[in-house]
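> Just so it is clear, I am handing over upload.cif, which has mmCIF, C-alpha atoms.
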```
data_start
#
loop_
_atom_site.group_PDB
_atom_site.id
_atom_site.type_symbol
_atom_site.label_atom_id
_atom_site.label_comp_id
_atom_site.auth_asym_id
_atom_site.auth_seq_id
_atom_site.Cartn_x
_atom_site.Cartn_y
_atom_site.Cartn_z
ATOM 1 C CA MET A 1 47.233 -77.080 -264.697
ATOM 2 C CA PRO A 2 45.037 -77.241 -261.551
ATOM 3 C CA ARG A 3 45.316 -80.220 -259.247
ATOM 4 C CA MET A 4 42.722 -81.551 -256.829
ATOM 5 C CA ILE A 5 44.113 -81.385 -253.276
ATOM 6 C CA ARG A 6 42.524 -83.221 -250.318
ATOM 7 C CA CYS A 7 41.009 -80.879 -247.763
ATOM 8 C CA HIS A 8 41.584 -81.244 -244.000
ATOM 9 C CA CYS A 9 37.862 -80.744 -243.271
ATOM 10 C CA GLY A 10 37.000 -84.289 -244.329
ATOM 11 C CA GLY A 11 34.060 -83.174 -246.449
ATOM 12 C CA SER A 12 32.313 -80.939 -243.927
ATOM 13 C CA PRO A 13 29.582 -78.784 -245.507
ATOM 14 C CA GLU A 14 30.744 -75.831 -243.351
ATOM 15 C CA CYS A 15 34.048 -75.665 -245.267
ATOM 16 C CA LYS A 16 34.237 -72.710 -247.661
ATOM 17 C CA LEU A 17 37.358 -74.061 -249.376
ATOM 18 C CA CYS A 18 35.956 -77.318 -250.774
ATOM 19 C CA SER A 19 32.215 -76.736 -250.132
ATOM 20 C CA GLY A 20 31.957 -80.190 -248.580
ATOM 21 C CA ASN A 21 33.499 -82.087 -251.516
ATOM 22 C CA GLY A 22 36.643 -83.111 -249.629
ATOM 23 C CA LYS A 23 38.935 -81.817 -252.409
ATOM 24 C CA TYR A 24 39.653 -78.372 -253.820
ATOM 25 C CA PRO A 25 41.368 -77.223 -257.036
ATOM 26 C CA TYR A 26 44.782 -75.603 -256.690
ATOM 27 C CA THR A 27 47.152 -74.351 -259.357
ATOM 28 C CA PRO A 28 50.785 -74.038 -258.215
ATOM 29 C CA GLY A 29 52.330 -70.667 -259.009
ATOM 30 C CA ASN A 30 55.882 -69.819 -260.050
ATOM 31 C CA LEU A 31 57.110 -70.500 -256.509
ATOM 32 C CA GLY A 32 55.251 -73.825 -256.253
ATOM 33 C CA TYR A 33 52.784 -74.700 -253.504
ATOM 34 C CA MET A 34 52.364 -71.683 -251.246
ATOM 35 C CA PRO A 35 50.218 -71.442 -248.095
ATOM 36 C CA PHE A 36 47.195 -69.160 -248.276
ATOM 37 C CA VAL A 37 44.722 -67.666 -245.790
ATOM 38 C CA CYS A 38 41.941 -70.048 -244.771
ATOM 39 C CA PRO A 39 38.661 -68.955 -246.390
ATOM 40 C CA THR A 40 36.489 -70.564 -243.703
ATOM 41 C CA CYS A 41 37.875 -68.725 -240.660
ATOM 42 C CA GLU A 42 39.467 -65.890 -242.697
ATOM 43 C CA GLY A 43 42.812 -66.406 -240.925
ATOM 44 C CA LYS A 44 41.417 -66.204 -237.386
ATOM 45 C CA ALA A 45 42.046 -69.941 -236.684
ATOM 46 C CA ASN A 46 38.831 -70.283 -234.643
ATOM 47 C CA LEU A 47 35.119 -70.329 -235.374
ATOM 48 C CA LYS A 48 32.138 -69.553 -233.136
ATOM 49 C CA ASP A 49 28.993 -71.621 -232.862
ATOM 50 C CA ASP A 50 25.473 -70.295 -232.265
ATOM 51 C CA GLU A 51 26.029 -70.157 -228.501
ATOM 52 C CA GLY A 52 29.229 -68.112 -228.829
ATOM 53 C CA LYS A 53 31.656 -70.919 -227.958
ATOM 54 C CA THR A 54 34.857 -71.008 -230.002
ATOM 55 C CA TYR A 55 36.327 -74.115 -231.596
ATOM 56 C CA PRO A 56 39.257 -74.736 -233.989
ATOM 57 C CA CYS A 57 38.542 -74.244 -237.675
ATOM 58 C CA LEU A 58 37.831 -77.473 -239.560
ATOM 59 C CA THR A 59 39.590 -76.366 -242.725
ATOM 60 C CA CYS A 60 42.942 -75.184 -241.333
ATOM 61 C CA LYS A 61 42.884 -77.173 -238.054
ATOM 62 C CA GLY A 62 43.254 -73.978 -236.020
ATOM 63 C CA ILE A 63 46.351 -72.636 -237.797
ATOM 64 C CA GLY A 64 44.801 -69.814 -239.829
ATOM 65 C CA ASN A 65 46.277 -70.767 -243.179
ATOM 66 C CA VAL A 66 46.072 -73.740 -245.542
ATOM 67 C CA ASP A 67 49.225 -75.370 -246.895
ATOM 68 C CA PRO A 68 48.460 -77.234 -250.154
ATOM 69 C CA ALA A 69 51.888 -78.895 -249.989
ATOM 70 C CA ASN A 70 50.821 -80.763 -246.828
ATOM 71 C CA PRO A 71 47.430 -82.407 -247.512
ATOM 72 C CA PRO A 72 45.976 -84.998 -245.118
ATOM 73 C CA VAL A 73 46.878 -88.637 -245.723
ATOM 74 C CA ALA A 74 44.452 -90.733 -247.748
ATOM 75 C CA GLY A 75 45.029 -94.067 -246.072
ATOM 76 C CA MET A 76 47.675 -96.669 -245.357
ATOM 77 C CA TRP A 77 48.969 -96.849 -248.943
ATOM 78 C CA ASP A 78 49.529 -93.089 -248.971
ATOM 79 C CA VAL A 79 51.466 -93.273 -245.691
ATOM 80 C CA LEU A 80 53.626 -96.178 -246.915
ATOM 81 C CA SER A 81 54.416 -94.489 -250.214
ATOM 82 C CA LYS A 82 55.492 -91.311 -248.397
ATOM 83 C CA VAL A 83 57.692 -93.304 -246.013
ATOM 84 C CA LEU A 84 59.292 -95.450 -248.709
ATOM 85 C CA PHE A 85 59.522 -93.025 -251.614
ATOM 86 C CA GLY A 86 59.251 -89.590 -250.013
ATOM 87 C CA ALA A 87 56.680 -87.186 -251.286
#
```
Output the file's structure as structure tokens, nothing else.

Amino acid sequence: MPRMIRCHCGGSPECKLCSGNGKYPYTPGNLGYMPFVCPTCEGKANLKDDEGKTYPCLTCKGIGNVDPANPPVAGMWDVLSKVLFGA
């Protein structure tokens, strides 16, 4: 059953993972939530603008892969629930 995971891009239209929606569907496999290569930067961790300057990828935050088991926090309630109950 696919789950909607929050994307690190924050809804940027440049993101190829969520297409600017802020969430992407992910179905855990037999091993659970496994990292995968970032589709926006294709694992390179950096992007280039029109002038040729490089900047960290918005989708993977400059890591090169996306970990669906570690989505960005959704606010104070999300932080408190992770601290109190573990998630």
> Please determine, counting all atoms listed in the file, which residue among A:Leu47, A:Ala74, A:Val37, A:Pro68 has the shortest atom-to-atom distance to Pro25 in chain A.
A:Pro68
> Provide the CA of Cys41 in chain A to CA of Cys57 in chain A distance in Å, to one decimal place.
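Answer for the CA of Cys41 in chain A to CA of Cys57 in chain A separation: 6.3 Å.
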> Please write as a list of chain:residue names the full residue list that the PyMOL selection byres ((chain A and resi 43) around 10) yields on this file.
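When the PyMOL selection byres ((chain A and resi 43) around 10) is applied, the selected residues are A:Phe36, A:Val37, A:Cys38, A:Pro39, A:Thr40, A:Cys41, A:Glu42, A:Lys44, A:Ala45, A:Asn46, A:Cys57, A:Cys60, A:Gly62, A:Ile63, A:Gly64, A:Asn65, A:Val66.
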> Apply the PyMOL selection byres ((chain A and resi 8) around 9) to the structure shown and report the selected residues as a JSON list (two decimals) with C-alpha atoms, keeping the file's coordinate frame.

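So result_12.json came out as:
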```json
[["chain", "number", "residue", "atom", "x", "y", "z"],
["A", 6, "ARG", "CA", 42.52, -83.22, -250.32],
["A", 7, "CYS", "CA", 41.01, -80.88, -247.76],
["A", 9, "CYS", "CA", 37.86, -80.74, -243.27],
["A", 10, "GLY", "CA", 37.00, -84.29, -244.33],
["A", 11, "GLY", "CA", 34.06, -83.17, -246.45],
["A", 22, "GLY", "CA", 36.64, -83.11, -249.63],
["A", 23, "LYS", "CA", 38.94, -81.82, -252.41],
["A", 58, "LEU", "CA", 37.83, -77.47, -239.56],
["A", 59, "THR", "CA", 39.59, -76.37, -242.72],
["A", 60, "CYS", "CA", 42.94, -75.18, -241.33],
["A", 61, "LYS", "CA", 42.88, -77.17, -238.05],
["A", 66, "VAL", "CA", 46.07, -73.74, -245.54],
["A", 71, "PRO", "CA", 47.43, -82.41, -247.51],
["A", 72, "PRO", "CA", 45.98, -85.00, -245.12]]
```
> Using the file's own x, y and z axes, what box holds all listed atoms of range 34-51 of chain A with 3 Å on each side, keeping edges along x, y and z, and what are its centre and edge lengths in Å to one decimal, as JSON?

```
{"center_x": 38.9, "center_y": -68.8, "center_z": -239.9, "size_x": 32.9, "size_y": 11.8, "size_z": 28.7}
```
